[in-house]
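See below for query-v8.txt, which holds compact mmCIF, C-alpha atoms and all ligand atoms.
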# COMPACT_ATOMS: atom_id res chain seq x y z
CA MET G 1 -30.67 3.58 -46.95
CA ASN G 2 -33.46 5.08 -44.78
CA ALA G 3 -34.69 8.69 -44.97
CA ARG G 4 -33.07 9.70 -41.62
CA LEU G 5 -29.67 8.54 -42.74
CA LYS G 6 -30.06 10.37 -46.05
CA PHE G 7 -30.92 13.60 -44.15
CA SER G 8 -27.83 13.37 -41.92
CA ASP G 9 -25.66 12.57 -44.95
CA SER G 10 -26.99 15.66 -46.71
CA LEU G 11 -26.33 17.77 -43.59
CA ASN G 12 -22.73 16.55 -43.58
CA LEU G 13 -22.40 17.29 -47.31
CA ILE G 14 -23.83 20.81 -46.83
CA LYS G 15 -21.45 21.45 -43.88
CA SER G 16 -18.51 20.36 -46.02
CA PHE G 17 -19.70 21.80 -49.37
CA ARG G 18 -16.26 23.17 -50.28
CA THR G 19 -14.73 19.67 -50.27
CA SER G 20 -17.83 17.62 -51.16
CA GLY G 21 -19.14 19.84 -53.99
CA THR G 22 -22.73 18.63 -53.52
CA ILE G 23 -25.61 18.53 -51.03
CA THR G 24 -27.14 15.16 -51.96
CA PRO G 25 -25.65 11.66 -52.35
CA SER G 26 -25.49 10.25 -55.92
CA SER G 27 -28.64 8.62 -57.36
CA ARG G 28 -28.89 4.91 -58.18
CA VAL G 29 -29.04 5.77 -61.90
CA LEU G 30 -25.80 7.76 -61.72
CA ILE G 31 -24.06 5.02 -59.70
CA LYS G 32 -25.16 2.38 -62.24
CA ALA G 33 -23.78 4.45 -65.14
CA LEU G 34 -20.53 5.11 -63.25
CA LEU G 35 -19.87 1.43 -62.54
CA ALA G 36 -21.15 0.01 -65.88
CA PRO G 37 -17.69 -0.26 -67.56
CA ILE G 38 -16.21 -2.43 -64.76
CA ASP G 39 -15.88 -6.18 -65.33
CA PHE G 40 -16.46 -7.18 -61.70
CA GLY G 41 -15.76 -10.83 -62.47
CA LYS G 42 -12.15 -9.98 -63.33
CA ALA G 43 -11.27 -6.99 -61.11
CA ARG G 44 -9.11 -7.83 -58.07
CA CYS G 45 -8.23 -4.33 -56.85
CA ILE G 46 -10.45 -1.25 -57.10
CA ILE G 47 -9.85 2.20 -55.64
CA GLU G 48 -12.61 4.65 -54.76
CA LEU G 49 -11.81 8.37 -54.38
CA GLY G 50 -14.20 10.53 -52.30
CA PRO G 51 -16.61 7.84 -51.04
CA GLY G 52 -18.43 10.28 -48.69
CA ASN G 53 -21.40 8.50 -47.09
CA GLY G 54 -20.62 5.26 -48.98
CA CYS G 55 -23.47 5.13 -51.51
CA VAL G 56 -21.05 4.23 -54.35
CA THR G 57 -18.95 2.08 -51.97
CA ARG G 58 -21.94 -0.13 -51.13
CA ALA G 59 -22.74 -0.58 -54.83
CA ILE G 60 -19.14 -1.60 -55.58
CA LEU G 61 -19.04 -4.04 -52.65
CA GLY G 62 -22.35 -5.52 -53.76
CA ARG G 63 -20.97 -6.28 -57.23
CA MET G 64 -17.33 -7.15 -56.59
CA HIS G 65 -15.64 -10.58 -56.41
CA ALA G 66 -14.95 -12.26 -53.05
CA ASP G 67 -11.18 -11.95 -53.75
CA CYS G 68 -11.27 -8.28 -54.79
CA VAL G 69 -10.05 -5.52 -52.46
CA LEU G 70 -11.61 -2.02 -52.39
CA ILE G 71 -9.44 0.85 -51.09
CA CYS G 72 -11.30 4.09 -50.29
CA PHE G 73 -9.59 7.50 -49.96
CA GLU G 74 -11.66 10.09 -48.02
CA VAL G 75 -10.41 13.39 -46.49
CA ASN G 76 -13.52 14.10 -44.40
CA GLY G 77 -13.01 12.34 -41.05
CA ASP G 78 -16.79 12.50 -40.32
CA PHE G 79 -17.37 9.85 -43.02
CA ILE G 80 -14.59 7.44 -41.96
CA SER G 81 -16.44 5.61 -39.14
CA GLN G 82 -19.58 5.42 -41.30
CA LEU G 83 -17.54 3.74 -44.06
CA ASN G 84 -15.79 1.40 -41.60
CA SER G 85 -19.17 0.39 -40.17
CA LEU G 86 -19.96 -1.25 -43.53
CA GLY G 87 -17.98 -4.08 -41.93
CA ASP G 88 -16.73 -5.76 -45.10
CA SER G 89 -13.35 -7.51 -44.84
CA ARG G 90 -12.59 -6.63 -48.49
CA LEU G 91 -12.79 -2.89 -47.71
CA ARG G 92 -9.85 -0.66 -46.62
CA VAL G 93 -10.80 2.91 -45.67
CA VAL G 94 -7.97 5.46 -45.67
CA ASN G 95 -8.30 8.97 -44.21
CA ALA G 96 -5.99 10.50 -46.85
CA CYS G 97 -5.96 12.65 -49.98
CA ALA G 98 -6.51 10.98 -53.34
CA SER G 99 -3.02 12.12 -54.40
CA SER G 100 -1.42 9.64 -51.97
CA ILE G 101 -2.42 6.46 -53.83
CA ARG G 102 1.18 5.23 -54.29
CA THR G 103 2.03 5.54 -50.56
CA ILE G 104 -1.00 3.48 -49.55
CA LEU G 105 -0.49 0.85 -52.28
CA ASP G 106 3.13 0.44 -51.09
CA GLU G 107 1.92 -0.08 -47.51
CA LEU G 108 -0.51 -2.75 -48.74
CA GLU G 109 2.15 -4.24 -51.10
CA ILE G 110 -0.07 -3.80 -54.17
CA ALA G 111 1.65 -3.06 -57.52
CA ASP G 112 -1.24 -1.53 -59.48
CA VAL G 113 -5.04 -1.38 -59.59
CA ASP G 114 -7.70 -2.53 -62.06
CA HIS G 115 -10.06 0.45 -61.81
CA ILE G 116 -10.38 3.79 -60.01
CA VAL G 117 -13.87 5.17 -59.32
CA SER G 118 -14.07 8.82 -58.33
CA SER G 119 -16.71 11.20 -56.96
CA LEU G 120 -14.12 13.90 -56.29
CA PRO G 121 -15.41 17.45 -56.95
CA LEU G 122 -12.50 18.15 -59.34
CA ALA G 123 -13.88 21.56 -60.35
CA LEU G 124 -13.59 22.77 -56.71
CA ILE G 125 -10.13 21.38 -55.95
CA ASP G 126 -7.01 23.56 -56.52
CA ASP G 127 -5.43 22.98 -59.95
CA ASP G 128 -2.07 21.77 -58.61
CA ILE G 129 -3.80 19.20 -56.37
CA VAL G 130 -5.96 18.02 -59.32
CA GLN G 131 -2.77 17.58 -61.37
CA ASN G 132 -1.20 15.50 -58.55
CA ILE G 133 -4.36 13.39 -58.24
CA LEU G 134 -4.58 12.73 -62.00
CA ARG G 135 -0.86 11.83 -62.15
CA SER G 136 -1.36 9.49 -59.19
CA VAL G 137 -4.41 7.92 -60.89
CA SER G 138 -2.79 7.32 -64.28
CA SER G 139 0.53 6.02 -62.90
CA ASN G 140 -1.15 3.44 -60.64
CA LEU G 141 -3.79 2.07 -63.04
CA ARG G 142 -2.90 -1.10 -64.95
CA GLU G 143 -2.87 -0.98 -68.78
CA GLY G 144 -6.50 -1.14 -69.96
CA GLY G 145 -7.79 -0.11 -66.52
CA ARG G 146 -10.61 2.45 -66.20
CA PHE G 147 -10.72 5.78 -64.38
CA LEU G 148 -14.44 6.45 -63.83
CA GLN G 149 -15.41 9.94 -62.70
CA TYR G 150 -18.67 11.89 -62.59
CA GLN G 151 -18.89 15.67 -62.77
CA TYR G 152 -21.60 18.32 -63.04
CA SER G 153 -19.76 20.15 -65.84
CA LEU G 154 -17.18 19.40 -68.54
CA ASN G 155 -14.56 21.49 -66.70
CA ASN G 156 -11.85 18.80 -66.54
CA TYR G 157 -12.41 17.11 -69.92
CA ALA G 158 -9.41 18.89 -71.52
CA GLU G 159 -7.12 17.76 -68.70
CA LEU G 160 -8.23 14.11 -68.88
CA LYS G 161 -8.03 13.77 -72.68
CA PRO G 162 -4.19 13.83 -73.07
CA ILE G 163 -3.58 11.50 -70.09
CA PHE G 164 -5.65 8.53 -71.32
CA LYS G 165 -5.84 6.45 -74.52
CA ALA G 166 -9.55 7.25 -74.79
CA VAL G 167 -12.12 9.26 -72.85
CA LYS G 168 -15.81 8.38 -73.35
CA LEU G 169 -18.64 10.58 -72.07
CA ASP G 170 -22.10 9.68 -70.80
CA PHE G 171 -24.75 11.95 -69.26
CA THR G 172 -27.65 11.36 -66.90
CA PHE G 173 -30.52 13.71 -66.03
CA ARG G 174 -31.57 11.34 -63.26
CA ASN G 175 -29.37 12.82 -60.54
CA MET G 176 -29.51 16.02 -58.48
CA PRO G 177 -27.85 17.83 -60.23
CA PRO G 178 -27.68 16.02 -63.61
CA ALA G 179 -24.17 14.70 -64.22
CA PHE G 180 -21.61 13.74 -66.85
CA VAL G 181 -19.82 10.41 -66.46
CA TYR G 182 -16.29 10.03 -67.82
CA GLU G 183 -14.91 6.61 -68.72
CA CYS G 184 -11.14 7.10 -69.14
CA ILE G 185 -9.21 4.13 -70.51
CA LYS G 186 -5.49 3.74 -69.77
C1 LIG G 201 -19.55 14.65 -53.94
S1 LIG G 201 -18.96 13.86 -52.45
C2 LIG G 201 -19.24 12.19 -52.99
C3 LIG G 201 -19.98 11.36 -52.04
C4 LIG G 201 -20.50 10.04 -52.64
N1 LIG G 201 -19.41 9.24 -53.21
C5 LIG G 201 -21.55 10.29 -53.69
O1 LIG G 201 -21.29 10.02 -54.89
O2 LIG G 201 -22.65 10.74 -53.32
C6 LIG G 201 -17.20 14.05 -52.68
C7 LIG G 201 -16.35 13.46 -51.56
O3 LIG G 201 -14.96 13.66 -51.92
C8 LIG G 201 -14.23 13.91 -50.71
N2 LIG G 201 -12.96 14.56 -51.11
C9 LIG G 201 -12.78 15.85 -51.51
N3 LIG G 201 -11.47 16.07 -51.82
C10 LIG G 201 -10.82 14.90 -51.60
C11 LIG G 201 -9.46 14.47 -51.76
N4 LIG G 201 -8.53 15.33 -52.19
N5 LIG G 201 -9.15 13.17 -51.47
C12 LIG G 201 -10.11 12.30 -51.04
N6 LIG G 201 -11.41 12.65 -50.85
C13 LIG G 201 -11.77 13.92 -51.14
C14 LIG G 201 -15.18 14.81 -49.91
O4 LIG G 201 -14.85 14.80 -48.54
C15 LIG G 201 -16.56 14.15 -50.21
O5 LIG G 201 -16.88 13.18 -49.24

Please go through the file and, once you have read it, give me the structure as structure tokens.
Ligand SMILES: C[S@@+](CC[C@H](N)C(=O)[O-])C[C@H]1O[C@@H](n2cnc3c(N)ncnc32)[C@H](O)[C@@H]1O
Amino acid sequence: MNARLKFSDSLNLIKSFRTSGTITPSSRVLIKALLAPIDFGKARCIIELGPGNGCVTRAILGRMHADCVLICFEVNGDFISQLNSLGDSRLRVVNACASSIRTILDELEIADVDHIVSSLPLALIDDDIVQNILRSVSSNLREGGRFLQYQYSLNNYAELKPIFKAVKLDFTFRNMPPAFVYECIK
């Protein structure tokens, strides 16, 4: 990614701070930690929630199998054409809220998904919407699938714990701001 693109991405994130929750795209170190639990050789369907400028999307596409599909849910229309311009036939970009996973999977005739990767700013989203999103995540993940989420605080740890069999925590300083990474196992 060149410096000009990064600047325009940051401008978009600043403009939409209430829904993006940040002013800079995630660092390579954070993205590596977020994706580390995924067995890309086996995964055939991955969902990404809140792809924004596509920095995590590109990393997933770069690692995933030729037969794997990646479905991205993004509410900010300004990012949709940028994501579509990645031009990868394995990628489906949906301009919809993360709580509508089941509707989109039904349209695509997909029963369940291997992993869900999320950059959603959960701490800034209304509680009832967060509850809908987490229900939608857990009911559409296959047994043993991972919900991978980063956050700048531990605000949602208590909500995630009872939904999943196990919740592991990692932390990286090498992001602006430093971030926690949750690995939630269904
Ligand atoms: C912190 S940005 C993440 C951008 C990029 N993935 C990264 O890690 O740098 C969060 C993104 O989540 C999107 N978002 C917020 N609420 C959402 C929702 N309910 N459903 C889908 N996307 C949402 C925002 O529009 C924003 O692009």

Which residues are near ligand LIG 201 (chain G) in this structure, taking near to mean any atom at most 6 Å from a ligand atom and counting all atoms listed in the file? Format them as number ranges by chain. G: 19-22, 25-26, 49-56, 73-76, 97-98, 119-121

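The two atoms in question, CA of Val130 (chain G) and CA of Glu159 (chain G), are spaced 9.5 Å apart.
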
Env of region 141-157 of chain G: 10 Å cut, atoms = only C-alpha atoms, seq-sep filter 5 positions within chain, self excluded. Answer as a PyMOL selection string. chain G and resi 21-22+26+30-31+33-38+43+45-49+111-123+130+134+136+162+164-172+175-186

Looking at all atoms listed in the file, which of G:Arg28, G:Arg174, G:Arg90, G:Arg102 is the one that sits closest to Leu70 (chain G)? G:Arg90

Can you measure CA of Leu61 (chain G) to CA of Ser85 (chain G) for me? One decimal in Å is fine. 13.2 Å

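One finds CA of Val93 (chain G) at 4.8 Å from CA of Cys72 (chain G).
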